[in-house]
Amino acid sequence: MTTNDVIYGINGPVVTVRNTRSFSMMEMVYVGTDRLVGEIIGINDQYTTVQVYEETTGLKPGDPVVGTGAPMNVLLGPGIIDNIFDGIERPLKAIEAMSGSFISRGAAVSPLDTEKAWKVTLRVKVGDILQGGQIYATCPETAIIEHRFLVPPELSGKVIRTAPDGEYRLMDPIVTIEDEKGQTHELTLCQKWPIRSARPCQKRLPATIPLITGQRVIDTMFPISKGGTAAIPGGFGTGKTMTQHQLAKWCDADIIVYVGCGERGNEMSQVLDEFSELIDPKSGRPMTDRTVLIANTSNMPVAAREASIYTGLTLAEYYRDMGYHVAIMADSTSRWAEALREISGRLEEMPAEEGFPAYLPSRLSEFYERAGRVDTLCGSEGSVTIIGAVSPQGSDFSEPVTQNTKRFTRCFWALDKSLAYARHYPAINWMNSYSEYFTDLDPWFRKNLGDDFIKYRNRITAILHEESSLMEIVKLIGSDVLPDDQKLVIETAKAIRVGFLQQNAFHSDDTFVPPEKQKLMMKAILHMYNKSKKIIAMAIPISGIIASGLFERLAKMKYDIPNSRPELFDVLIADIDKTLSALQS
C-alpha cells in the first residue's frame with residue numbers, strides 16, 4: 001500500500017501532515033523529495049505527526065509524505081556482524097564509499113550487501129514440516145559465527161521445494177513452504193522485523209548462569225547473569241565507556257552488539273579502531289568477527305538516536321534466536337533519554353521531572369525487559385544481556401534517568417569520580433553498587449568454585465564495610481589512636497582495594513582474570529588477615545607486620561602470579577606463614 005500526502009508544518013525532526021487518515025500508527029514513511037526516513041508517532045482527526053530520522057533542513061510545506069504500509073523495521077540476514085550501522089541500520093561503510101565522510105540526506109543503501117554470495121548449506125528436505133523460528137539453512141557469516149537462517153516466527157508449513165547446497169545472494173529463494181491455507185511462501189537469506197516489537201521465544205529461563213567478564217569487582221562482588229540487566233552510572237571521565245569496552249572484549253558472550261547512542265564522535269572512532277585491532281582471546285580471530293557496531297554520534301539527527309537502541313536490541317534478539325548468547329552495550333541511555341526529551345518538547349507534551357517526558361519510565365522498561373535467557377523457537381538456548389551506561393549530569397544519581405533505570409535493572413555498578421581521579425579502575429564504588437543476582441547465581445558458584453568462594457566474598461565485603469566505618473573515625477581523630485586490630489582492618493582493606501578491586505586493562509595477566517584466580521586471590525588476602533589477627537592478639541605490634549612487606553606483596557600478586565600458574569598462590573601463602581611465624585619468635 002502506498003499513500004501520498006503533503007507536509008503542513010515542520011518543527012525540527014517533527015513534521016505534521018494535515019487532513020489525512022491514510023496513515024497508521026508507527027508506520028514507516030518517506031518524507032520530502034529526498035525520501036527521508038520517518039515514522040508516524042501521532043494521529044488525530046486533523047493532523048498526523050511524523051518523527052523524521054534524518055536532518056530536515058530544506059524541507060518545506062507541500063513536500064510529499066509517502067507511506068509504506070509497514071512499521072519501522074530492520075533487515076536481518078548474513079552480513080550484520082563485522083558491520084557498522086547508524087541508528088536506523090544504514091551501513092556506514094557503504095555510505096562512505098558512495099558519498100564520502102558525511103551521510104547524505106535520503107541515502108538509499110540496502111542495510112546488507114544484496115550482491116554478495118554466501119555459501120549456504122540446507123538443513124531441511126522436501127516434505128518436512130517447519131514451524132516459526134526453526135532453522136532451514138546455515139552459512140559461515142564470519143570465521144567464528146555460523147549464521148542460521150530461521151523461518152519467520154509467524155510462518156509455518158510444509159516444505160515443497162529446496163534449492164541445492166551452494167552459493168546464493170541475499171534475496172535468492174532457497175526454500176518454498178506451503179501453509180495450511182495452501183499459500184506458498186519463499187524463504188530467502190533474509191527477513192524483516194519491526195524494531196519496536198520483541199521477537200518471540202518458547203520460554204523464558206531463570207537467571208542461573210553468570211556472565212563471566214574477567215573483571216574481579218564485577219564477577220566476585222557484583223555479578224550479572226546471562227540474560228540479565230545492569231546499569232553503569234557515572235559522571236564525565238569516570239570510565240563508563242572504558243568499562244563497557246572491557247566487558248565487550250572479555251565477557252563470555254558469543255556476540256557483542258555495541259550501540260554508541262549520542263556519544264562523541266572521537267569516542268566512537270576510538271571504539272572502531274580498538275575493535276578492528278583487537279584479537280578475540282577465545283578464537284584468536286579479530287574481535288570484529290563477533291561484533292556489531294551501531295554508531296549514532298551526538299551530531300547525528302536526534303530522532304535516530306532514539307531508534308538506535310531498538311535497532312541494536314532487534315539485532316541482538318535475532319542472534320539470540322539462533323542459539324547465541326548476546327551482550328548489548330548501550331552507551332549511553334542518558335543521551336537516548338535526552339532525545340526523548342527534545343522530541344517531547346517539540347510535540348508540546350506536558351513535561352515531567354527535569355523536562356523529561358512522563359513516559360520515560362515505561363520506555364526504559366520496554367528497553368530493559370527485552371533482556372533474558374530463553375528457550376528459542378528452534379529448540380536451543382540463547383540470551384540477551386543488556387548493559388546500559390547512564391551519564392547523570394554532575395554525577396547526581398538522584399536525577400530521573402538514573403533513578404528510573406534502577407527500577408528496571410538488577411545490577412547497579414556505580415562509578416565514583418574520586419576513584420577515577422585516583423586512577424582506580426574500574427572505578428566501581430563498592431559501597432554504592434549492588435547486585436540482586438546473588439540468590440540466583442550462588443548455586444552455580446558453589447558447583448563450579450566451591451562454598452569457599454561465597455564465604456571469601458562475604459568476608460571481603462564485610463572487611464570493606466568495616467573499613468568504611470573506621471574511616472569516618474580516622475577523618476575526625478586520625479589513625480594513630482586506633483587499636484592494632486582496627487589498623488589491621490584498614491591495612492587489609494587497602495590490600496583488597498589495590499590488589500583485588502583495582503585492575504589494569506593494559507596488563508596481559510590483569511586485563512582478564514578467570515574466576516578460579518579471583519578465588520585464590522581472596523584466599524591469600526584473607527589468610528594474611530586471619531594470621532595477622534592471631535599475632536596481634538598475642539600483643540605483637542602491627543608495625544612489624546607492615547614492615548615485613550607482605551601487604552605490598554598482596555597488592556602486587558595480580559601481576560606477579562600469572563593466570564596460568566595458580567600453584568604459585570601456595571608459595572605465597574607459605575611465605576606468609578613463614579614470615580609471620582618469624583615475627584612471633
# chains A, B, ... in the order shown; residues from 1 in each chain; ligands from 1
$ residues_around --residues "Gly388 (chain A)" --least-positions-apart "4" --cutoff "12 Å" --atoms "only C-alpha atoms" --output "PyMOL selection string"
chain A and resi 228-234+240-241+243-244+247+257-261+309+313+327-336+364+367-368+371+401-402+405-406+408-414
$ write_last_selection --atoms "C-alpha atoms" --output "PDB file, in the first residue's frame"
ATOM      1  CA  GLY A 228      20.493 -10.054  32.994  1.00  0.00           C
ATOM      2  CA  THR A 229      20.392  -6.262  33.087  1.00  0.00           C
ATOM      3  CA  ALA A 230      22.928  -3.834  34.510  1.00  0.00           C
ATOM      4  CA  ALA A 231      23.382  -0.082  34.697  1.00  0.00           C
ATOM      5  CA  ILE A 232      26.753   1.688  34.768  1.00  0.00           C
ATOM      6  CA  PRO A 233      26.066   5.227  36.008  1.00  0.00           C
ATOM      7  CA  GLY A 234      28.835   7.772  36.303  1.00  0.00           C
ATOM      8  CA  LYS A 240      31.773   4.259  31.652  1.00  0.00           C
ATOM      9  CA  THR A 241      32.947   3.725  28.093  1.00  0.00           C
ATOM     10  CA  THR A 243      34.306  -0.332  31.463  1.00  0.00           C
ATOM     11  CA  GLN A 244      31.949  -1.254  28.631  1.00  0.00           C
ATOM     12  CA  LEU A 247      33.142  -6.079  29.115  1.00  0.00           C
ATOM     13  CA  VAL A 257      26.275  -5.535  19.949  1.00  0.00           C
ATOM     14  CA  TYR A 258      27.773  -2.138  20.808  1.00  0.00           C
ATOM     15  CA  VAL A 259      25.407   0.830  20.483  1.00  0.00           C
ATOM     16  CA  GLY A 260      27.067   4.236  20.620  1.00  0.00           C
ATOM     17  CA  CYS A 261      23.979   6.297  21.360  1.00  0.00           C
ATOM     18  CA  ILE A 309      18.564   1.453  20.938  1.00  0.00           C
ATOM     19  CA  LEU A 313      18.076  -4.801  20.517  1.00  0.00           C
ATOM     20  CA  ALA A 327      25.589  -8.934  25.162  1.00  0.00           C
ATOM     21  CA  ILE A 328      24.392  -5.476  24.150  1.00  0.00           C
ATOM     22  CA  MET A 329      26.297  -2.412  25.357  1.00  0.00           C
ATOM     23  CA  ALA A 330      24.250   0.798  25.243  1.00  0.00           C
ATOM     24  CA  ASP A 331      26.422   3.887  25.655  1.00  0.00           C
ATOM     25  CA  SER A 332      24.612   5.864  26.859  1.00  0.00           C
ATOM     26  CA  THR A 333      20.927   5.675  27.749  1.00  0.00           C
ATOM     27  CA  SER A 334      21.061   9.238  29.115  1.00  0.00           C
ATOM     28  CA  ARG A 335      21.693  10.552  25.599  1.00  0.00           C
ATOM     29  CA  TRP A 336      18.785   8.420  24.420  1.00  0.00           C
ATOM     30  CA  LEU A 364      13.145   2.392  29.907  1.00  0.00           C
ATOM     31  CA  PHE A 367      14.134  -1.492  26.669  1.00  0.00           C
ATOM     32  CA  TYR A 368      15.482  -3.443  29.648  1.00  0.00           C
ATOM     33  CA  ALA A 371      16.721  -8.888  28.050  1.00  0.00           C
ATOM     34  CA  VAL A 401      17.209   8.651  34.221  1.00  0.00           C
ATOM     35  CA  THR A 402      19.405   7.017  36.889  1.00  0.00           C
ATOM     36  CA  THR A 405      16.943   2.843  35.429  1.00  0.00           C
ATOM     37  CA  LYS A 406      17.446   1.413  38.945  1.00  0.00           C
ATOM     38  CA  PHE A 408      14.363  -1.958  35.855  1.00  0.00           C
ATOM     39  CA  THR A 409      17.904  -3.285  36.284  1.00  0.00           C
ATOM     40  CA  ARG A 410      19.148  -5.798  38.839  1.00  0.00           C
ATOM     41  CA  CYS A 411      22.811  -4.724  38.774  1.00  0.00           C
ATOM     42  CA  PHE A 412      23.974  -1.231  39.645  1.00  0.00           C
ATOM     43  CA  TRP A 413      27.677  -0.602  39.085  1.00  0.00           C
ATOM     44  CA  ALA A 414      28.064   2.944  40.427  1.00  0.00           C
TER      45      ALA A 414
END
$ residues_around --residues "Thr579 (chain A)" --least-positions-apart "3" --cutoff "12 Å" --atoms "only C-alpha atoms" --output "PDB file with N, CA, C and O atoms, in the first residue's frame"
ATOM      1  N   MET A 528      46.179 -13.967  55.078  1.00  0.00           N
ATOM      2  CA  MET A 528      47.039 -12.950  55.686  1.00  0.00           C
ATOM      3  C   MET A 528      46.306 -12.247  56.832  1.00  0.00           C
ATOM      4  O   MET A 528      46.876 -12.031  57.917  1.00  0.00           O
ATOM      5  N   LYS A 531      45.827 -14.744  59.940  1.00  0.00           N
ATOM      6  CA  LYS A 531      47.093 -14.999  60.617  1.00  0.00           C
ATOM      7  C   LYS A 531      47.560 -13.754  61.390  1.00  0.00           C
ATOM      8  O   LYS A 531      48.027 -13.840  62.530  1.00  0.00           O
ATOM      9  N   SER A 532      47.439 -12.588  60.754  1.00  0.00           N
ATOM     10  CA  SER A 532      47.872 -11.343  61.406  1.00  0.00           C
ATOM     11  C   SER A 532      47.017 -11.044  62.629  1.00  0.00           C
ATOM     12  O   SER A 532      47.506 -10.525  63.640  1.00  0.00           O
ATOM     13  N   ILE A 535      48.317 -12.951  65.533  1.00  0.00           N
ATOM     14  CA  ILE A 535      49.587 -12.409  66.039  1.00  0.00           C
ATOM     15  C   ILE A 535      49.337 -11.142  66.858  1.00  0.00           C
ATOM     16  O   ILE A 535      49.933 -10.931  67.921  1.00  0.00           O
ATOM     17  N   GLY A 544      55.303  -4.272  62.895  1.00  0.00           N
ATOM     18  CA  GLY A 544      56.205  -5.322  62.420  1.00  0.00           C
ATOM     19  C   GLY A 544      55.636  -6.049  61.203  1.00  0.00           C
ATOM     20  O   GLY A 544      56.370  -6.406  60.275  1.00  0.00           O
ATOM     21  N   ILE A 545      54.313  -6.275  61.238  1.00  0.00           N
ATOM     22  CA  ILE A 545      53.663  -6.949  60.097  1.00  0.00           C
ATOM     23  C   ILE A 545      53.739  -6.065  58.856  1.00  0.00           C
ATOM     24  O   ILE A 545      54.045  -6.537  57.756  1.00  0.00           O
ATOM     25  N   ILE A 546      53.486  -4.773  59.025  1.00  0.00           N
ATOM     26  CA  ILE A 546      53.529  -3.842  57.892  1.00  0.00           C
ATOM     27  C   ILE A 546      54.952  -3.760  57.339  1.00  0.00           C
ATOM     28  O   ILE A 546      55.160  -3.768  56.121  1.00  0.00           O
ATOM     29  N   ALA A 547      55.930  -3.738  58.252  1.00  0.00           N
ATOM     30  CA  ALA A 547      57.324  -3.624  57.823  1.00  0.00           C
ATOM     31  C   ALA A 547      57.797  -4.862  57.069  1.00  0.00           C
ATOM     32  O   ALA A 547      58.774  -4.792  56.308  1.00  0.00           O
ATOM     33  N   SER A 548      57.144  -5.998  57.243  1.00  0.00           N
ATOM     34  CA  SER A 548      57.566  -7.234  56.569  1.00  0.00           C
ATOM     35  C   SER A 548      57.355  -7.183  55.059  1.00  0.00           C
ATOM     36  O   SER A 548      57.909  -7.995  54.313  1.00  0.00           O
ATOM     37  N   GLY A 549      56.533  -6.256  54.594  1.00  0.00           N
ATOM     38  CA  GLY A 549      56.289  -6.124  53.149  1.00  0.00           C
ATOM     39  C   GLY A 549      55.261  -7.074  52.588  1.00  0.00           C
ATOM     40  O   GLY A 549      55.062  -7.136  51.368  1.00  0.00           O
ATOM     41  N   LEU A 550      54.569  -7.816  53.477  1.00  0.00           N
ATOM     42  CA  LEU A 550      53.592  -8.796  52.988  1.00  0.00           C
ATOM     43  C   LEU A 550      52.379  -8.118  52.332  1.00  0.00           C
ATOM     44  O   LEU A 550      51.829  -8.627  51.343  1.00  0.00           O
ATOM     45  N   PHE A 551      51.955  -6.991  52.889  1.00  0.00           N
ATOM     46  CA  PHE A 551      50.805  -6.305  52.287  1.00  0.00           C
ATOM     47  C   PHE A 551      51.138  -5.805  50.880  1.00  0.00           C
ATOM     48  O   PHE A 551      50.286  -5.829  49.986  1.00  0.00           O
ATOM     49  N   LEU A 572      52.981 -18.311  47.854  1.00  0.00           N
ATOM     50  CA  LEU A 572      52.725 -17.045  48.534  1.00  0.00           C
ATOM     51  C   LEU A 572      52.192 -17.278  49.950  1.00  0.00           C
ATOM     52  O   LEU A 572      52.659 -16.639  50.911  1.00  0.00           O
ATOM     53  N   ILE A 573      51.256 -18.202  50.091  1.00  0.00           N
ATOM     54  CA  ILE A 573      50.687 -18.482  51.421  1.00  0.00           C
ATOM     55  C   ILE A 573      51.751 -19.071  52.356  1.00  0.00           C
ATOM     56  O   ILE A 573      51.823 -18.732  53.543  1.00  0.00           O
ATOM     57  N   ALA A 574      52.614 -19.936  51.808  1.00  0.00           N
ATOM     58  CA  ALA A 574      53.704 -20.496  52.618  1.00  0.00           C
ATOM     59  C   ALA A 574      54.660 -19.382  53.072  1.00  0.00           C
ATOM     60  O   ALA A 574      55.137 -19.392  54.226  1.00  0.00           O
ATOM     61  N   ASP A 575      54.933 -18.422  52.193  1.00  0.00           N
ATOM     62  CA  ASP A 575      55.797 -17.301  52.567  1.00  0.00           C
ATOM     63  C   ASP A 575      55.152 -16.437  53.649  1.00  0.00           C
ATOM     64  O   ASP A 575      55.840 -15.934  54.553  1.00  0.00           O
ATOM     65  N   ILE A 576      53.839 -16.260  53.570  1.00  0.00           N
ATOM     66  CA  ILE A 576      53.125 -15.500  54.599  1.00  0.00           C
ATOM     67  C   ILE A 576      53.277 -16.188  55.954  1.00  0.00           C
ATOM     68  O   ILE A 576      53.599 -15.549  56.971  1.00  0.00           O
ATOM     69  N   ALA A 582      58.089 -15.935  61.974  1.00  0.00           N
ATOM     70  CA  ALA A 582      59.349 -15.332  62.412  1.00  0.00           C
ATOM     71  C   ALA A 582      59.106 -14.139  63.326  1.00  0.00           C
ATOM     72  O   ALA A 582      59.921 -13.860  64.225  1.00  0.00           O
ATOM     73  N   LEU A 583      57.977 -13.440  63.139  1.00  0.00           N
ATOM     74  CA  LEU A 583      57.667 -12.292  63.995  1.00  0.00           C
ATOM     75  C   LEU A 583      57.304 -12.731  65.409  1.00  0.00           C
ATOM     76  O   LEU A 583      57.441 -11.955  66.366  1.00  0.00           O
ATOM     77  N   GLN A 584      56.830 -13.967  65.537  1.00  0.00           N
ATOM     78  CA  GLN A 584      56.416 -14.444  66.862  1.00  0.00           C
ATOM     79  C   GLN A 584      57.601 -14.873  67.720  1.00  0.00           C
ATOM     80  O   GLN A 584      57.512 -14.911  68.943  1.00  0.00           O
ATOM     81  N   SER A 585      58.688 -15.223  67.062  1.00  0.00           N
ATOM     82  CA  SER A 585      59.834 -15.759  67.807  1.00  0.00           C
ATOM     83  C   SER A 585      60.750 -14.645  68.306  1.00  0.00           C
ATOM     84  O   SER A 585      60.686 -13.515  67.868  1.00  0.00           O
TER      85      SER A 585
END
$ closest_residue --among "A:Trp430, A:Tyr559, A:Tyr30, A:Phe236" --to "Leu501 (chain A)" --atoms "only C-alpha atoms"
A:Trp430
$ select_by_dssp --residues "region 359-493 of chain A" --states "strand (DSSP E or B)" --output "VMD selection string"
chain A and resid 372 to 375 381 to 390 411 to 412 415 428 434 to 435
$ write_last_selection --atoms "all heavy atoms" --output "compact mmCIF listing (two decimals), in the first residue's frame"
# COMPACT_ATOMS: atom_id res chain seq x y z
N GLY A 372 17.00 -11.24 28.61
CA GLY A 372 16.55 -12.51 29.17
C GLY A 372 17.26 -13.69 28.55
O GLY A 372 17.79 -13.62 27.44
N ARG A 373 17.28 -14.78 29.30
CA ARG A 373 17.77 -16.07 28.80
C ARG A 373 16.55 -16.91 28.46
O ARG A 373 15.63 -17.02 29.29
CB ARG A 373 18.64 -16.77 29.86
CG ARG A 373 19.34 -18.03 29.37
CD ARG A 373 20.40 -18.47 30.38
NE ARG A 373 19.80 -18.95 31.61
CZ ARG A 373 19.55 -20.24 31.91
NH1 ARG A 373 19.85 -21.19 31.04
NH2 ARG A 373 19.03 -20.57 33.06
N VAL A 374 16.53 -17.49 27.26
CA VAL A 374 15.30 -18.12 26.78
C VAL A 374 15.58 -19.46 26.10
O VAL A 374 16.70 -19.73 25.67
CB VAL A 374 14.57 -17.20 25.76
CG1 VAL A 374 14.25 -15.84 26.38
CG2 VAL A 374 15.38 -17.03 24.48
N ASP A 375 14.53 -20.28 26.05
CA ASP A 375 14.48 -21.39 25.10
C ASP A 375 13.93 -20.82 23.81
O ASP A 375 12.81 -20.28 23.78
CB ASP A 375 13.56 -22.51 25.61
CG ASP A 375 14.24 -23.43 26.59
OD1 ASP A 375 15.49 -23.51 26.55
OD2 ASP A 375 13.55 -24.06 27.40
N GLU A 381 19.18 -22.78 23.37
CA GLU A 381 19.16 -21.77 24.42
C GLU A 381 19.95 -20.55 23.98
O GLU A 381 21.04 -20.67 23.43
CB GLU A 381 19.77 -22.34 25.70
CG GLU A 381 19.79 -21.36 26.87
CD GLU A 381 20.53 -21.92 28.08
OE1 GLU A 381 20.13 -22.99 28.58
OE2 GLU A 381 21.50 -21.29 28.53
N GLY A 382 19.39 -19.38 24.21
CA GLY A 382 20.09 -18.14 23.88
C GLY A 382 19.77 -17.08 24.91
O GLY A 382 18.89 -17.26 25.76
N SER A 383 20.50 -15.98 24.86
CA SER A 383 20.24 -14.92 25.84
C SER A 383 20.64 -13.57 25.26
O SER A 383 21.47 -13.47 24.36
CB SER A 383 21.02 -15.17 27.14
OG SER A 383 22.41 -15.03 26.93
N VAL A 384 20.01 -12.53 25.80
CA VAL A 384 20.39 -11.14 25.53
C VAL A 384 20.64 -10.49 26.89
O VAL A 384 19.73 -10.41 27.71
CB VAL A 384 19.30 -10.37 24.77
CG1 VAL A 384 19.66 -8.89 24.69
CG2 VAL A 384 19.13 -10.93 23.36
N THR A 385 21.87 -10.08 27.12
CA THR A 385 22.25 -9.36 28.33
C THR A 385 22.39 -7.88 27.99
O THR A 385 23.09 -7.54 27.03
CB THR A 385 23.58 -9.89 28.89
OG1 THR A 385 23.49 -11.31 29.06
CG2 THR A 385 23.91 -9.24 30.22
N ILE A 386 21.72 -7.02 28.75
CA ILE A 386 21.76 -5.58 28.46
C ILE A 386 22.56 -4.86 29.53
O ILE A 386 22.26 -4.96 30.72
CB ILE A 386 20.34 -4.99 28.39
CG1 ILE A 386 19.54 -5.65 27.25
CG2 ILE A 386 20.40 -3.48 28.18
CD1 ILE A 386 18.11 -5.14 27.14
N ILE A 387 23.60 -4.15 29.10
CA ILE A 387 24.42 -3.35 30.00
C ILE A 387 24.37 -1.91 29.50
O ILE A 387 24.93 -1.59 28.44
CB ILE A 387 25.86 -3.88 30.04
CG1 ILE A 387 25.87 -5.33 30.54
CG2 ILE A 387 26.74 -3.00 30.94
CD1 ILE A 387 27.20 -6.03 30.41
N GLY A 388 23.66 -1.08 30.22
CA GLY A 388 23.44 0.30 29.78
C GLY A 388 24.21 1.30 30.62
O GLY A 388 24.14 1.28 31.86
N ALA A 389 24.97 2.17 29.96
CA ALA A 389 25.65 3.25 30.67
C ALA A 389 24.67 4.41 30.87
O ALA A 389 23.81 4.66 30.04
CB ALA A 389 26.86 3.72 29.88
N VAL A 390 24.81 5.08 32.01
CA VAL A 390 23.98 6.25 32.33
C VAL A 390 24.93 7.40 32.65
O VAL A 390 25.91 7.21 33.37
CB VAL A 390 23.04 5.98 33.52
CG1 VAL A 390 22.07 7.14 33.71
CG2 VAL A 390 22.27 4.68 33.32
N CYS A 411 21.42 -5.03 38.42
CA CYS A 411 22.81 -4.72 38.77
C CYS A 411 23.02 -3.23 38.67
O CYS A 411 22.55 -2.60 37.71
CB CYS A 411 23.79 -5.43 37.82
SG CYS A 411 24.32 -7.03 38.39
N PHE A 412 23.71 -2.67 39.64
CA PHE A 412 23.97 -1.23 39.65
C PHE A 412 25.44 -1.05 39.96
O PHE A 412 25.87 -1.22 41.11
CB PHE A 412 23.08 -0.56 40.70
CG PHE A 412 23.08 0.94 40.64
CD1 PHE A 412 22.36 1.61 39.66
CD2 PHE A 412 23.77 1.69 41.58
CE1 PHE A 412 22.33 2.99 39.62
CE2 PHE A 412 23.75 3.08 41.54
CZ PHE A 412 23.02 3.73 40.56
N LEU A 415 29.81 4.16 39.28
CA LEU A 415 31.17 4.68 39.09
C LEU A 415 31.39 5.92 39.96
O LEU A 415 30.49 6.75 40.09
CB LEU A 415 31.40 5.02 37.62
CG LEU A 415 31.32 3.83 36.66
CD1 LEU A 415 31.51 4.27 35.23
CD2 LEU A 415 32.34 2.76 37.01
N ILE A 428 34.38 1.42 40.09
CA ILE A 428 33.09 0.99 40.64
C ILE A 428 33.15 1.10 42.17
O ILE A 428 33.98 0.45 42.81
CB ILE A 428 32.74 -0.44 40.19
CG1 ILE A 428 32.54 -0.48 38.67
CG2 ILE A 428 31.49 -0.95 40.91
CD1 ILE A 428 32.32 -1.86 38.10
N TYR A 434 25.45 -2.52 43.78
CA TYR A 434 24.78 -3.74 44.29
C TYR A 434 24.44 -4.66 43.12
O TYR A 434 24.44 -4.26 41.96
CB TYR A 434 23.50 -3.38 45.06
CG TYR A 434 22.42 -2.69 44.25
CD1 TYR A 434 21.54 -3.42 43.46
CD2 TYR A 434 22.28 -1.31 44.27
CE1 TYR A 434 20.55 -2.80 42.71
CE2 TYR A 434 21.30 -0.67 43.53
CZ TYR A 434 20.44 -1.43 42.75
OH TYR A 434 19.47 -0.81 42.00
N SER A 435 24.19 -5.91 43.46
CA SER A 435 23.68 -6.90 42.50
C SER A 435 22.57 -7.69 43.19
O SER A 435 22.71 -8.08 44.34
CB SER A 435 24.79 -7.85 42.04
OG SER A 435 24.24 -8.91 41.27
$ residues_around --residues "Ile212 (chain A)" --least-positions-apart "6" --cutoff "8 Å" --atoms "only C-alpha atoms" --output "list in words"
Asp219, Cys251, Asp252 and Pro515 of chain A
$ residues_around --residues "Phe512 (chain A)" --least-positions-apart "5" --cutoff "8 Å" --atoms "only C-alpha atoms" --output "MDAnalysis selection string"
chainID A and resid 213:215 250 505
$ atom_distance --atom1 "CA of Thr121 (chain A)" --atom2 "CA of Val175 (chain A)"
11.6 Å
$ closest_residue --among "A:Leu293, A:Val74, A:Met25, A:Ala352" --to "Ile256 (chain A)" --atoms "only C-alpha atoms"
A:Leu293
$ closest_residue --among "A:Ile129, A:Val292, A:Leu449, A:Val151" --to "Asp86 (chain A)" --atoms "only C-alpha atoms"
A:Val292
$ atom_distance --atom1 "CA of Thr56 (chain A)" --atom2 "CA of Tyr8 (chain A)"
13.7 Å
$ closest_residue --among "A:Asp172, A:Asp289, A:Asp577, A:Glu369" --to "Gly79 (chain A)" --atoms "only C-alpha atoms"
A:Asp289
$ closest_residue --among "A:Val489, A:Ala248, A:Val52, A:Cys139" --to "Arg305 (chain A)" --atoms "only C-alpha atoms"
A:Val52
$ select_by_dssp --residues "region 280-409 of chain A" --states "alpha helix (DSSP H)" --output "PyMOL selection string"
chain A and resi 302-321+333-346+360-368+400-408
$ closest_residue --among "A:Lys534, A:Ser365, A:Pro301, A:Ala358" --to "Ser581 (chain A)" --atoms "only C-alpha atoms"
A:Lys534
$ atom_distance --atom1 "CA of Arg105 (chain A)" --atom2 "CA of Val31 (chain A)"
10.9 Å
$ residues_around --residues "Glu467 (chain A)" --least-positions-apart "4" --cutoff "12 Å" --atoms "only C-alpha atoms" --output "list in words"
Trp430, Met431, Ile460, Thr461, Ala462, Ile463, Met471, Glu472, Ile473, Val474, Ser479, Asp485, Gln486, Lys487, Leu488, Val489, Ile490, Glu491, Thr492, Ala493, Lys494, Ala495, Ile496 and Arg497 of chain A
$ residues_around --residues "Phe438 (chain A)" --least-positions-apart "3" --cutoff "12 Å" --atoms "only C-alpha atoms" --output "JSON, numbers by chain"
{"A": [207, 208, 209, 210, 218, 219, 220, 221, 222, 223, 224, 225, 410, 411, 434, 435, 441, 442, 443, 444, 445, 446, 454, 457, 458]}
$ residues_around --residues "Arg18 (chain A)" --least-positions-apart "3" --cutoff "8 Å" --atoms "only C-alpha atoms" --output "ChimeraX atom specification"
/A:6-8,46-48
$ write_last_selection --atoms "all heavy atoms" --output "mmCIF file, in the first residue's frame"
data_model
loop_
_atom_site.group_PDB
_atom_site.id
_atom_site.type_symbol
_atom_site.label_atom_id
_atom_site.label_comp_id
_atom_site.auth_asym_id
_atom_site.auth_seq_id
_atom_site.Cartn_x
_atom_site.Cartn_y
_atom_site.Cartn_z
ATOM 1 N N VAL A 6 0.949 15.623 1.848
ATOM 2 C CA VAL A 6 1.964 16.674 1.822
ATOM 3 C C VAL A 6 2.167 17.270 3.206
ATOM 4 O O VAL A 6 1.294 17.199 4.072
ATOM 5 C CB VAL A 6 1.587 17.787 0.817
ATOM 6 C CG1 VAL A 6 1.554 17.240 -0.598
ATOM 7 C CG2 VAL A 6 0.255 18.424 1.181
ATOM 8 N N ILE A 7 3.363 17.872 3.411
ATOM 9 C CA ILE A 7 3.742 18.459 4.690
ATOM 10 C C ILE A 7 2.943 19.733 4.942
ATOM 11 O O ILE A 7 2.751 20.562 4.055
ATOM 12 C CB ILE A 7 5.246 18.774 4.690
ATOM 13 C CG1 ILE A 7 6.066 17.473 4.623
ATOM 14 C CG2 ILE A 7 5.645 19.577 5.922
ATOM 15 C CD1 ILE A 7 7.560 17.703 4.468
ATOM 16 N N TYR A 8 2.486 19.868 6.209
ATOM 17 C CA TYR A 8 1.778 21.086 6.631
ATOM 18 C C TYR A 8 2.681 21.953 7.520
ATOM 19 O O TYR A 8 2.709 23.168 7.393
ATOM 20 C CB TYR A 8 0.495 20.705 7.374
ATOM 21 C CG TYR A 8 -0.194 21.869 8.035
ATOM 22 C CD1 TYR A 8 -0.842 22.843 7.281
ATOM 23 C CD2 TYR A 8 -0.199 21.991 9.428
ATOM 24 C CE1 TYR A 8 -1.483 23.916 7.885
ATOM 25 C CE2 TYR A 8 -0.836 23.056 10.043
ATOM 26 C CZ TYR A 8 -1.481 24.022 9.271
ATOM 27 O OH TYR A 8 -2.108 25.081 9.870
ATOM 28 N N GLN A 46 -7.268 15.668 12.725
ATOM 29 C CA GLN A 46 -6.820 16.811 11.941
ATOM 30 C C GLN A 46 -5.388 16.679 11.435
ATOM 31 O O GLN A 46 -5.084 17.080 10.320
ATOM 32 C CB GLN A 46 -6.927 18.094 12.784
ATOM 33 C CG GLN A 46 -8.356 18.528 13.089
ATOM 34 C CD GLN A 46 -8.375 19.831 13.866
ATOM 35 O OE1 GLN A 46 -7.629 19.990 14.831
ATOM 36 N NE2 GLN A 46 -9.233 20.755 13.454
ATOM 37 N N TYR A 47 -4.509 16.103 12.279
ATOM 38 C CA TYR A 47 -3.092 16.087 11.927
ATOM 39 C C TYR A 47 -2.498 14.685 12.137
ATOM 40 O O TYR A 47 -2.903 13.929 13.020
ATOM 41 C CB TYR A 47 -2.291 17.074 12.780
ATOM 42 C CG TYR A 47 -2.747 18.508 12.660
ATOM 43 C CD1 TYR A 47 -3.513 19.094 13.659
ATOM 44 C CD2 TYR A 47 -2.409 19.276 11.549
ATOM 45 C CE1 TYR A 47 -3.936 20.405 13.555
ATOM 46 C CE2 TYR A 47 -2.824 20.591 11.437
ATOM 47 C CZ TYR A 47 -3.592 21.150 12.442
ATOM 48 O OH TYR A 47 -4.010 22.437 12.328
ATOM 49 N N THR A 48 -1.506 14.380 11.316
ATOM 50 C CA THR A 48 -0.644 13.215 11.514
ATOM 51 C C THR A 48 0.757 13.737 11.816
ATOM 52 O O THR A 48 1.261 14.617 11.113
ATOM 53 C CB THR A 48 -0.618 12.324 10.265
ATOM 54 O OG1 THR A 48 -1.927 11.805 10.040
ATOM 55 C CG2 THR A 48 0.355 11.171 10.446
#
